[in-house]
file model_22.cif (mmCIF, C-alpha atoms and all ligand atoms)
data_structure
loop_
_atom_site.label_atom_id
_atom_site.label_comp_id
_atom_site.auth_asym_id
_atom_site.auth_seq_id
_atom_site.Cartn_x
_atom_site.Cartn_y
_atom_site.Cartn_z
CA MET Z 15 217.75 73.37 58.00
CA ARG Z 16 216.34 71.06 55.34
CA ASN Z 17 217.08 67.35 55.15
CA ILE Z 18 216.33 65.73 51.83
CA LEU Z 19 215.47 62.12 50.98
CA VAL Z 20 215.79 61.10 47.33
CA THR Z 21 214.23 57.78 46.32
CA GLY Z 22 215.24 56.23 43.01
CA ALA Z 23 218.51 58.04 43.68
CA PHE Z 24 220.56 56.18 41.07
CA GLY Z 25 218.17 56.34 38.13
CA LEU Z 26 218.28 58.74 35.19
CA VAL Z 27 216.97 61.71 37.19
CA GLY Z 28 218.46 60.82 40.57
CA SER Z 29 222.01 60.48 39.22
CA ASP Z 30 221.96 64.18 38.31
CA LEU Z 31 219.53 65.47 40.94
CA VAL Z 32 221.40 64.10 43.97
CA PRO Z 33 224.64 66.02 43.20
CA ALA Z 34 222.60 69.19 42.52
CA LEU Z 35 220.80 68.86 45.86
CA GLN Z 36 224.08 68.09 47.64
CA LYS Z 37 225.47 71.32 46.24
CA LYS Z 38 222.41 73.30 47.31
CA PHE Z 39 221.77 71.84 50.76
CA GLY Z 40 225.14 70.31 51.72
CA SER Z 41 226.13 66.69 51.28
CA SER Z 42 225.38 65.77 54.88
CA HIS Z 43 221.73 66.80 54.37
CA VAL Z 44 220.94 64.63 51.33
CA PHE Z 45 220.06 60.95 51.77
CA ALA Z 46 220.06 58.64 48.76
CA LEU Z 47 217.80 55.60 48.59
CA GLY Z 48 217.90 53.36 45.54
CA ASN Z 49 217.74 49.74 44.48
CA LYS Z 50 220.01 50.11 41.44
CA THR Z 51 223.74 49.36 41.61
CA ILE Z 52 225.46 52.19 43.44
CA PRO Z 53 228.09 53.71 41.13
CA LYS Z 54 231.60 53.45 42.54
CA GLU Z 55 232.12 57.19 42.18
CA PHE Z 56 229.09 57.99 44.38
CA LYS Z 57 229.90 60.23 47.30
CA GLY Z 58 227.23 60.93 49.87
CA GLN Z 59 224.84 59.45 52.40
CA LEU Z 60 223.19 56.17 51.59
CA VAL Z 61 220.07 54.86 53.28
CA LYS Z 62 218.42 51.45 52.93
CA GLY Z 63 214.72 50.86 52.46
CA ASP Z 64 211.95 50.04 50.02
CA VAL Z 65 209.37 52.63 48.94
CA ARG Z 66 206.72 49.89 49.08
CA ASP Z 67 207.41 49.40 52.78
CA MET Z 68 206.06 52.36 54.73
CA ALA Z 69 207.80 51.29 57.97
CA SER Z 70 211.24 51.39 56.33
CA LEU Z 71 210.54 54.89 54.97
CA GLU Z 72 209.22 56.11 58.32
CA LYS Z 73 212.39 54.92 60.04
CA ILE Z 74 214.55 56.95 57.62
CA ILE Z 75 212.35 60.04 57.98
CA LYS Z 76 212.52 59.94 61.78
CA LYS Z 77 216.21 59.08 62.04
CA HIS Z 78 217.38 61.84 59.70
CA ASN Z 79 214.70 64.46 60.42
CA ILE Z 80 213.70 64.49 56.75
CA THR Z 81 211.86 67.65 55.62
CA ASP Z 82 211.66 67.09 51.82
CA VAL Z 83 211.28 63.99 49.67
CA TYR Z 84 212.14 63.81 45.98
CA HIS Z 85 210.28 60.62 45.25
CA LEU Z 86 211.75 59.40 41.95
CA ALA Z 87 211.51 55.60 42.39
CA GLY Z 88 209.35 54.07 39.70
CA LEU Z 89 209.15 51.82 36.66
CA LEU Z 90 209.12 53.41 33.19
CA SER Z 91 206.82 52.69 30.24
CA VAL Z 92 208.52 49.64 28.70
CA GLY Z 93 209.49 48.15 32.08
CA GLY Z 94 205.88 48.65 33.18
CA GLU Z 95 204.49 46.62 30.26
CA LYS Z 96 206.89 43.78 31.15
CA ASN Z 97 205.62 43.69 34.72
CA PRO Z 98 202.36 45.60 35.23
CA ASP Z 99 201.84 44.32 38.80
CA LEU Z 100 205.24 45.55 39.88
CA ALA Z 101 204.68 48.89 38.08
CA TRP Z 102 201.45 49.42 40.02
CA ASP Z 103 203.00 48.34 43.31
CA VAL Z 104 206.10 50.54 43.08
CA ASN Z 105 204.57 53.54 41.29
CA ILE Z 106 201.30 53.77 43.22
CA ASN Z 107 201.84 52.14 46.61
CA GLY Z 108 205.27 53.78 46.83
CA LEU Z 109 203.79 57.22 46.14
CA ARG Z 110 200.92 56.66 48.54
CA ASN Z 111 203.35 55.71 51.31
CA VAL Z 112 205.33 58.89 50.69
CA LEU Z 113 202.18 61.05 50.68
CA GLU Z 114 200.87 59.45 53.91
CA LEU Z 115 204.20 60.14 55.61
CA ALA Z 116 204.27 63.65 54.12
CA ARG Z 117 200.93 64.36 55.80
CA ASP Z 118 202.03 62.94 59.15
CA TYR Z 119 205.52 64.49 59.20
CA LYS Z 120 204.74 67.71 57.27
CA LEU Z 121 207.16 66.90 54.45
CA ARG Z 122 207.40 68.72 51.15
CA VAL Z 123 207.31 66.33 48.19
CA PHE Z 124 208.44 66.33 44.57
CA TRP Z 125 207.10 63.54 42.38
CA PRO Z 126 207.58 63.19 38.62
CA SER Z 127 204.66 62.56 36.31
CA SER Z 128 205.30 62.12 32.58
CA ILE Z 129 204.06 62.77 29.07
CA ALA Z 130 202.87 59.16 29.49
CA ALA Z 131 199.87 60.55 31.40
CA PHE Z 132 198.53 61.51 27.96
CA GLY Z 133 197.09 59.02 25.49
CA PRO Z 134 195.82 58.56 21.94
CA THR Z 135 192.75 60.79 22.56
CA THR Z 136 194.88 63.73 23.78
CA PRO Z 137 195.59 66.52 21.26
CA LYS Z 138 199.06 65.64 19.89
CA LYS Z 139 200.47 69.07 19.15
CA MET Z 140 201.09 71.66 21.84
CA THR Z 141 199.13 69.49 24.27
CA PRO Z 142 197.38 71.84 26.72
CA GLN Z 143 197.88 71.76 30.50
CA HIS Z 144 194.30 70.70 31.14
CA THR Z 145 193.32 68.07 28.60
CA VAL Z 146 192.15 64.48 28.10
CA LEU Z 147 194.15 61.96 30.19
CA GLU Z 148 193.34 58.49 28.81
CA PRO Z 149 196.71 56.68 28.62
CA THR Z 150 196.87 53.13 27.28
CA THR Z 151 199.92 51.91 29.24
CA ILE Z 152 200.06 50.78 32.86
CA TYR Z 153 202.82 53.35 33.37
CA GLY Z 154 200.50 56.08 32.10
CA ALA Z 155 197.68 54.78 34.33
CA THR Z 156 200.01 55.04 37.35
CA LYS Z 157 200.96 58.58 36.34
CA VAL Z 158 197.34 59.78 36.04
CA THR Z 159 196.42 58.07 39.32
CA GLY Z 160 199.53 59.54 40.94
CA GLU Z 161 198.68 63.05 39.74
CA LEU Z 162 195.19 62.74 41.22
CA LEU Z 163 196.60 61.36 44.49
CA CYS Z 164 198.99 64.32 44.74
CA GLN Z 165 196.15 66.78 44.18
CA TYR Z 166 194.00 64.93 46.72
CA TYR Z 167 196.66 65.04 49.45
CA PHE Z 168 197.12 68.77 48.78
CA VAL Z 169 193.40 69.59 48.81
CA ARG Z 170 192.41 67.29 51.68
CA TRP Z 171 195.50 67.42 53.91
CA GLY Z 172 197.46 70.46 52.75
CA VAL Z 173 200.50 68.39 51.71
CA ASP Z 174 202.87 70.62 49.70
CA VAL Z 175 203.45 68.19 46.84
CA ARG Z 176 204.60 69.46 43.45
CA SER Z 177 205.03 67.64 40.18
CA LEU Z 178 206.22 67.93 36.58
CA ARG Z 179 205.18 65.92 33.54
CA TYR Z 180 208.70 65.06 32.40
CA PRO Z 181 209.23 64.58 28.67
CA GLY Z 182 211.85 62.05 27.49
CA LEU Z 183 214.97 62.91 29.48
CA ILE Z 184 218.44 62.65 28.02
CA GLY Z 185 221.54 62.40 30.20
CA TYR Z 186 224.78 60.45 30.32
CA LYS Z 187 225.45 59.90 34.03
CA ALA Z 188 223.03 56.98 34.50
CA PRO Z 189 222.66 54.12 32.02
CA PRO Z 190 219.43 54.45 29.99
CA GLY Z 191 216.28 53.07 31.65
CA ASP Z 192 213.54 50.82 30.26
CA GLY Z 193 211.56 53.57 28.53
CA THR Z 194 210.25 54.47 25.08
CA THR Z 195 212.10 57.77 24.70
CA GLU Z 196 215.36 56.18 25.83
CA TYR Z 197 216.46 55.41 22.26
CA SER Z 198 217.72 58.99 22.46
CA VAL Z 199 220.20 57.94 25.18
CA HIS Z 200 221.10 54.49 23.75
CA ILE Z 201 221.96 56.11 20.43
CA PHE Z 202 224.93 57.96 21.96
CA TYR Z 203 226.32 54.72 23.42
CA GLY Z 204 225.94 53.14 19.97
CA LEU Z 205 227.71 56.10 18.38
CA LEU Z 206 230.72 56.06 20.70
CA LYS Z 207 231.06 52.28 21.04
CA GLU Z 208 230.33 51.03 17.49
CA ASN Z 209 229.63 54.08 15.32
CA ARG Z 210 226.20 52.58 14.60
CA TYR Z 211 222.80 52.17 16.22
CA SER Z 212 219.51 50.51 15.36
CA VAL Z 213 216.64 52.75 16.52
CA PHE Z 214 213.66 50.90 18.08
CA LEU Z 215 211.17 53.54 16.85
CA LYS Z 216 210.19 54.72 13.36
CA ALA Z 217 212.34 57.49 11.85
CA ASP Z 218 209.46 59.99 12.12
CA ALA Z 219 208.37 59.25 15.73
CA ARG Z 220 208.35 62.79 17.10
CA LEU Z 221 208.38 63.05 20.90
CA PRO Z 222 208.86 65.79 23.50
CA MET Z 223 212.38 65.62 24.97
CA MET Z 224 214.66 67.51 27.36
CA TYR Z 225 218.32 67.51 28.31
CA ILE Z 226 218.75 66.43 31.93
CA ASP Z 227 220.34 69.73 33.09
CA ASP Z 228 217.17 71.57 32.09
CA ALA Z 229 215.07 68.97 33.93
CA ILE Z 230 217.13 69.30 37.12
CA ARG Z 231 217.11 73.11 36.98
CA GLY Z 232 213.35 73.12 36.41
CA THR Z 233 212.74 70.66 39.24
CA ILE Z 234 214.72 72.76 41.73
CA LYS Z 235 213.08 75.98 40.48
CA LEU Z 236 209.62 74.46 40.96
CA MET Z 237 210.51 73.39 44.51
CA ASP Z 238 211.96 76.85 45.30
CA ALA Z 239 208.80 78.68 44.17
CA PRO Z 240 206.54 80.14 46.86
CA SER Z 241 203.56 77.87 47.50
CA LYS Z 242 201.05 80.54 46.42
CA LYS Z 243 202.55 80.52 42.91
CA ILE Z 244 201.75 76.83 42.42
CA THR Z 245 198.33 76.75 40.76
CA VAL Z 246 198.60 73.17 39.46
CA ARG Z 247 198.67 70.42 42.08
CA THR Z 248 198.25 67.52 39.69
CA SER Z 249 201.36 68.01 37.53
CA TYR Z 250 202.75 70.78 35.33
CA ASN Z 251 203.31 70.40 31.59
CA PHE Z 252 207.08 70.80 31.22
CA ALA Z 253 208.72 71.18 27.81
CA ALA Z 254 211.97 72.02 26.07
CA ILE Z 255 212.57 70.44 22.66
CA ASN Z 256 210.95 67.84 20.46
CA PHE Z 257 212.49 65.83 17.65
CA THR Z 258 212.21 62.65 15.59
CA PRO Z 259 214.89 59.93 15.55
CA LYS Z 260 215.76 61.08 12.03
CA GLU Z 261 216.37 64.65 13.20
CA LEU Z 262 218.58 63.44 16.06
CA VAL Z 263 220.54 61.25 13.65
CA SER Z 264 221.18 64.17 11.28
CA GLU Z 265 222.35 66.30 14.21
CA ILE Z 266 224.80 63.56 15.23
CA LYS Z 267 225.96 63.19 11.62
CA LYS Z 268 226.98 66.85 11.55
CA LEU Z 269 229.69 65.87 14.05
CA TYR Z 270 230.21 62.21 13.04
CA PRO Z 271 229.43 62.00 9.29
CA THR Z 272 230.20 58.25 9.13
CA PHE Z 273 227.69 57.33 11.87
CA VAL Z 274 225.26 54.65 10.66
CA ALA Z 275 221.68 54.63 11.97
CA THR Z 276 219.11 52.04 10.97
CA TYR Z 277 215.46 51.75 11.99
CA ASP Z 278 213.96 48.56 13.36
CA PRO Z 279 210.76 49.68 15.13
CA ASP Z 280 209.72 47.50 18.06
CA PRO Z 281 205.90 47.12 17.89
CA VAL Z 282 205.31 47.65 21.63
CA LYS Z 283 207.58 50.70 21.88
CA GLN Z 284 206.33 52.22 18.60
CA LYS Z 285 202.72 51.86 19.76
CA ILE Z 286 203.54 53.59 23.04
CA ALA Z 287 205.32 56.40 21.17
CA GLU Z 288 202.33 56.88 18.88
CA SER Z 289 200.03 57.24 21.89
CA TRP Z 290 202.02 60.19 23.30
CA PRO Z 291 202.04 63.86 22.23
CA GLN Z 292 204.60 65.29 19.81
CA SER Z 293 204.88 68.61 21.62
CA VAL Z 294 203.60 70.04 24.87
CA ASP Z 295 202.34 73.51 25.83
CA ASP Z 296 204.08 74.51 29.08
CA ARG Z 297 202.88 78.10 29.30
CA VAL Z 298 201.33 77.58 32.74
CA ALA Z 299 204.70 76.49 34.20
CA ARG Z 300 206.38 79.47 32.51
CA LYS Z 301 203.82 81.89 33.93
CA ASP Z 302 203.48 80.43 37.46
CA TRP Z 303 207.12 79.90 38.42
CA GLY Z 304 209.22 81.17 35.53
CA TRP Z 305 210.15 77.95 33.72
CA LYS Z 306 212.42 78.44 30.69
CA PRO Z 307 214.54 75.74 29.00
CA GLU Z 308 218.13 76.37 27.84
CA PHE Z 309 219.13 73.36 25.75
CA VAL Z 310 218.26 73.15 22.06
CA LEU Z 311 218.91 69.98 20.02
CA SER Z 312 222.41 70.96 18.84
CA LYS Z 313 223.62 71.98 22.31
CA MET Z 314 222.18 68.81 23.86
CA THR Z 315 223.87 66.62 21.22
CA ASN Z 316 227.27 68.26 21.81
CA VAL Z 317 227.07 68.04 25.58
CA MET Z 318 225.88 64.40 25.50
CA ILE Z 319 228.75 63.34 23.26
CA GLU Z 320 231.40 65.16 25.28
CA GLY Z 321 230.02 63.92 28.61
CA LEU Z 322 229.60 60.32 27.52
CA LYS Z 323 233.06 60.27 25.92
CA LYS Z 324 234.61 61.15 29.27
CA LYS Z 325 232.43 58.62 31.08
CA LEU Z 326 233.35 55.77 28.73
CA GLN Z 327 237.12 56.50 28.84
N1 LIG X 401 211.12 58.27 29.41
C1 LIG X 401 209.86 57.73 29.84
C2 LIG X 401 209.54 56.50 29.10
O1 LIG X 401 209.78 56.48 27.91
C3 LIG X 401 208.74 58.74 29.67
O2 LIG X 401 208.26 59.11 30.89
O3 LIG X 401 209.05 55.58 29.65
#
call {"tool": "encode", "arguments": {"input": "model_22.cif", "output": "structure tokens"}}
result
Amino acid sequence: MRNILVTGAFGLVGSDLVPALQKKFGSSHVFALGNKTIPKEFKGQLVKGDVRDMASLEKIIKKHNITDVYHLAGLLSVGGEKNPDLAWDVNINGLRNVLELARDYKLRVFWPSSIAAFGPTTPKKMTPQHTVLEPTTIYGATKVTGELLCQYYFVRWGVDVRSLRYPGLIGYKAPPGDGTTEYSVHIFYGLLKENRYSVFLKADARLPMMYIDDAIRGTIKLMDAPSKKITVRTSYNFAAINFTPKELVSEIKKLYPTFVATYDPDPVKQKIAESWPQSVDDRVARKDWGWKPEFVLSKMTNVMIEGLKKKLQ
């Protein structure tokens, strides 16, 4: 029997991953830890703790016989630039605590890396799995360090830790986080609330993106794969779609022709976007454990609008 701890349980990924894990393992076997406001519709097991405090995590692991940790707690790119010390503390010390406990209690771990591990010197198109990792944000620095830590704990201690370099994720269950790709979530709130939105990136800022259902399916598929299939212990390139703000706007306009989008690029966010790839080569993930995305831009746009409409009712 597996008992699962999810940290960052109420963030963009956690809000969709927790219900999927509850369905797979049973609600009584999934424990949600998060410092965000707990949505009133949440049903499940809540635990209290702080990923920066190893003792509080150890208590949870012992009490609930935890076997797997989906360690999602972390600051995103824009939030990280606002508070680099906190980004380092949560993203690195939190991960290290989880990996130490994983070694001692033989836990399996999932931890998300990001396209933010890449930087301006990385090839921008179809970025290869093994490439230059010289990010220019603190968030990116924590992702590269985290990837190396994961690989180290696997090589040195045999910890079964697996990771994906998430692209910009788009979902409606959680409010958008403090990230660079999150314009693609905010825009749907703008559409449904005011029929207008001012994009904080340039119209042509192409970035790798993915609808959250693909991300959740991929994450569970990666964790279900036999260990011998996992040839990458830093983090897998993981891709679905890529688009510019302008392309997303024209997709929305097919359904809402009166929607008004303007562009008011924020210098910090635009610079971050320009330092990241435009598309990512995920052939290693496809070959090793059968990754395949399902959502194209039009399907994602439809599902986002329908889902968010219901949520905002
Ligand atoms: N969505 C994240 C961000 O923009 C990318 O990992 O910060």
call {"tool": "residues_near_ligand", "arguments": {"input": "model_22.cif", "ligand": "ligand LIG 401 (chain X)", "cutoff": "10 Å", "atoms": "all atoms listed in the file", "output": "ChimeraX atom specification"}}
result
/Z:26,89-94,126-131,151,153-154,157,179-184,190-198,221-223,283,286-287,290
call {"tool": "atom_distance", "arguments": {"input": "model_22.cif", "atom1": "CA of Tyr203 (chain Z)", "atom2": "CA of Lys313 (chain Z)"}}
result
17.5 Å
call {"tool": "residues_around", "arguments": {"input": "model_22.cif", "residues": "Thr276 (chain Z)", "least_positions_apart": "2", "cutoff": "12 Å", "atoms": "only C-alpha atoms", "output": "list in words"}}
result
Ile201, Gly204, Asn209, Arg210, Tyr211, Ser212, Val213, Phe214, Leu215, Lys216, Ala217, Pro259, Lys260, Val263, Phe273, Val274, Asp278 and Pro279 of chain Z
call {"tool": "closest_residue", "arguments": {"input": "model_22.cif", "among": "Z:Asn79, Z:Ser249, Z:Thr233, Z:Asn97", "to": "Gly160 (chain Z)", "atoms": "all atoms listed in the file"}}
result
Z:Ser249
call {"tool": "residues_around", "arguments": {"input": "model_22.cif", "residues": "Leu262 (chain Z)", "least_positions_apart": "5", "cutoff": "9 Å", "atoms": "all atoms listed in the file", "output": "PyMOL selection string"}}
result
chain Z and resi 198+257+267+311-312+315
call {"tool": "closest_residue", "arguments": {"input": "model_22.cif", "among": "Z:Lys301, Z:Lys285, Z:Lys54, Z:Lys306", "to": "Asp228 (chain Z)", "atoms": "all atoms listed in the file"}}
result
Z:Lys306
call {"tool": "closest_residue", "arguments": {"input": "model_22.cif", "among": "Z:Arg110, Z:Arg247, Z:Lys138, Z:His144", "to": "Met68 (chain Z)", "atoms": "all atoms listed in the file"}}
result
Z:Arg110
call {"tool": "residues_around", "arguments": {"input": "model_22.cif", "residues": "Thr135 (chain Z)", "least_positions_apart": "6", "cutoff": "12 Å", "atoms": "all atoms listed in the file", "output": "VMD selection string"}}
result
chain Z and resid 141 145 to 150 288 to 291
call {"tool": "closest_residue", "arguments": {"input": "model_22.cif", "among": "Z:Thr81, Z:Ser241, Z:Gln284, Z:Gln36", "to": "Gly172 (chain Z)", "atoms": "all atoms listed in the file"}}
result
Z:Ser241
call {"tool": "atom_distance", "arguments": {"input": "model_22.cif", "atom1": "CA of Pro53 (chain Z)", "atom2": "CA of Ser29 (chain Z)"}}
result
9.3 Å
call {"tool": "residues_around", "arguments": {"input": "model_22.cif", "residues": "Val44 (chain Z)", "least_positions_apart": "2", "cutoff": "8 Å", "atoms": "all atoms listed in the file", "output": "list in words"}}
result
Asn17, Ile18, Leu19, Val20, Val32, Leu35, Gln36, Phe39, Gly40, Ser41, Ser42, Ala46, Gly58 and Gln59 of chain Z
call {"tool": "write_last_selection", "arguments": {"input": "model_22.cif", "atoms": "C-alpha atoms", "output": "mmCIF file, in the coordinates of the input"}}
result
data_model
loop_
_atom_site.group_PDB
_atom_site.id
_atom_site.type_symbol
_atom_site.label_atom_id
_atom_site.label_comp_id
_atom_site.auth_asym_id
_atom_site.auth_seq_id
_atom_site.Cartn_x
_atom_site.Cartn_y
_atom_site.Cartn_z
ATOM 1 C CA ASN Z 17 217.080 67.350 55.150
ATOM 2 C CA ILE Z 18 216.330 65.730 51.830
ATOM 3 C CA LEU Z 19 215.470 62.120 50.980
ATOM 4 C CA VAL Z 20 215.790 61.100 47.330
ATOM 5 C CA VAL Z 32 221.400 64.100 43.970
ATOM 6 C CA LEU Z 35 220.800 68.860 45.860
ATOM 7 C CA GLN Z 36 224.080 68.090 47.640
ATOM 8 C CA PHE Z 39 221.770 71.840 50.760
ATOM 9 C CA GLY Z 40 225.140 70.310 51.720
ATOM 10 C CA SER Z 41 226.130 66.690 51.280
ATOM 11 C CA SER Z 42 225.380 65.770 54.880
ATOM 12 C CA ALA Z 46 220.060 58.640 48.760
ATOM 13 C CA GLY Z 58 227.230 60.930 49.870
ATOM 14 C CA GLN Z 59 224.840 59.450 52.400
#
call {"tool": "closest_residue", "arguments": {"input": "model_22.cif", "among": "Z:Ala299, Z:Val282, Z:Leu100, Z:Ile266", "to": "Met314 (chain Z)", "atoms": "all atoms listed in the file"}}
result
Z:Ile266
call {"tool": "atom_distance", "arguments": {"input": "model_22.cif", "atom1": "CA of Leu121 (chain Z)", "atom2": "CA of Asp82 (chain Z)"}}
result
5.2 Å
call {"tool": "residues_around", "arguments": {"input": "model_22.cif", "residues": "Lys187 (chain Z)", "least_positions_apart": "5", "cutoff": "10 Å", "atoms": "only C-alpha atoms", "output": "list in words"}}
result
Phe24, Gly25, Leu26, Val27, Gly28, Ser29, Asp30, Pro53, Ile226, Met318, Gly321, Leu322 and Lys325 of chain Z
